[in-house]
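Asks: Dumping the structure here so I can ask a few things about it.
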Amino acid sequence: MRTETRAQLEEMLGEYRAMMARLDRMKADVAAMTGTARSPDGSVTVTVGPRGDLLDVALDPSRARKLDLKALAARIVETAGLAATRVDEQVRAEVCDAIPDRLRNLFGPDGTVDLTRLLPRDRGEANRSNGAW
């Protein structure tokens with residue numbers, strides 16, 4: 001194997017290992033994330049995990065007792081939704097930071113991947129850039 005090729009392969013392997021280490025750290029960080037929200041009236045505080053799973057519900061007794069059960073349940077659901085939005089924003093930011101700069105333009109604001117952004121805009125551009133398409 002040529003020295004140049006070997007050096008390129010070793011460099012690629014080093015980049016791969018660094019990327020895997022970053023992904024492992026990211027997975028651990030995301031798994032530990034929580035989102036907490038308090039209802040506008042202060043009657044309910046909810047904490048959720050990174051997938052929106054309910055971790056804790058705290059009720060302010062003086063405020064919660066003024067609500068009937070149906071209103072209290074609705075307040076819990078609404079506040080859990082707010083907490084899930086907060087943790088979702090944290091997860092998106094963490095994932096975005098882990099993506100290499102050259103690949104960030106593939107992701108839309110909603111987190112979807114648009115692989116067509118990898119393709120040349122037209123066949124002429126492809127032919128000019130690498131001689132074939």
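If you're wondering about the labels, chains in the structure tokens are A, B, ... by order shown, residues count from 1 in each chain, ligands from 1 in order shown.
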When you look at A:Ala83 with a cut-off of 7 Å (counting only C-alpha atoms), what residues show up, excluding the ones that are within fewer than 3 positions of it in the same chain? I need them as a PyMOL selection string.
Replies: chain A and resi 35-37+46-48+79-80+86-87
Asks: Mind the document's chain letters and residue numbers, and return as a VMD selection string the residues of chain A that DSSP labels helix (DSSP H, G or I).
Replies: chain A and resid 3 to 32 61 to 64 69 to 98 101 to 106 115 to 118 123 to 130
Asks: Which one of A:Glu78, A:Thr116, A:Ala98, A:Arg104 sits closest to A:Met19 if you count only C-alpha atoms?
Replies: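 So, comparing all the options, the nearest one is A:Ala98.
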Asks: I'd like to know which of A:Met33, A:Pro100, A:Pro40, A:Asp60 is closest to A:Ala18, using only C-alpha atoms.
Replies: A:Pro100
Asks: How far is it from atom CA of A:Cys96 to atom CA of A:Leu115, in Å with one decimal?
Replies: 16.2 Å
Asks: Could you pull the residues within 10 Å of stretch 62-71 of chain A, counting only C-alpha atoms, minus those fewer than 6 positions along the same chain, as a PDB file with N, CA and C atoms, in the first residue's frame?
Replies:
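Dumped everything to part29.pdb:
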ATOM      1  N   ASP A  41     -50.878  29.866  35.169  1.00  0.00           N
ATOM      2  CA  ASP A  41     -51.459  30.222  36.467  1.00  0.00           C
ATOM      3  C   ASP A  41     -50.645  29.691  37.644  1.00  0.00           C
ATOM      4  N   GLY A  42     -49.565  28.946  37.354  1.00  0.00           N
ATOM      5  CA  GLY A  42     -48.694  28.435  38.409  1.00  0.00           C
ATOM      6  C   GLY A  42     -49.225  27.226  39.146  1.00  0.00           C
ATOM      7  N   SER A  43     -50.313  26.657  38.685  1.00  0.00           N
ATOM      8  CA  SER A  43     -50.911  25.525  39.397  1.00  0.00           C
ATOM      9  C   SER A  43     -50.165  24.209  39.147  1.00  0.00           C
ATOM     10  N   VAL A  44     -49.493  24.106  37.994  1.00  0.00           N
ATOM     11  CA  VAL A  44     -48.871  22.848  37.592  1.00  0.00           C
ATOM     12  C   VAL A  44     -47.447  23.106  37.094  1.00  0.00           C
ATOM     13  N   VAL A  77     -51.784  18.351  30.866  1.00  0.00           N
ATOM     14  CA  VAL A  77     -51.476  17.991  29.474  1.00  0.00           C
ATOM     15  C   VAL A  77     -50.860  19.179  28.735  1.00  0.00           C
TER      16      VAL A  77
END
Asks: Considering only strand (DSSP E) as DSSP defines it on the backbone, what residues of chain A qualify? List them as a ChimeraX atom specification.
Replies: /A:35-38,44-48,54-59
Asks: Please identify every residue of stretch 16-62 of chain A that has at least one atom no farther than 9 Å from an atom of stretch 90-94 of chain A, counting only C-alpha atoms, and for each give the shortest atom pair and the distance in Å to one decimal, arranged by chain then increasing number, as a Markdown table.
Replies:
| residue | atom | partner | partner_atom | distance |
| --- | --- | --- | --- | --- |
| A:Met26 | CA | A:Glu94 | CA | 6.9 |
| A:Asp29 | CA | A:Glu94 | CA | 8.1 |
| A:Val30 | CA | A:Val91 | CA | 6.1 |
| A:Met33 | CA | A:Gln90 | CA | 7.6 |
| A:Thr34 | CA | A:Gln90 | CA | 8.6 |
| A:Gly35 | CA | A:Gln90 | CA | 8.4 |
| A:Pro50 | CA | A:Val91 | CA | 7.0 |
Asks: For A:Ala73, which of A:Asp88, A:Val95, A:Ser39, A:Leu23 is the closest residue, counting only C-alpha atoms?
Replies: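 Result for the nearest residue to A:Ala73: A:Ser39.
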Asks: I'd like to know which of A:Ile99, A:Glu89, A:Asp24, A:Leu9 is closest to A:Arg51, using only C-alpha atoms.
Replies: A:Glu89
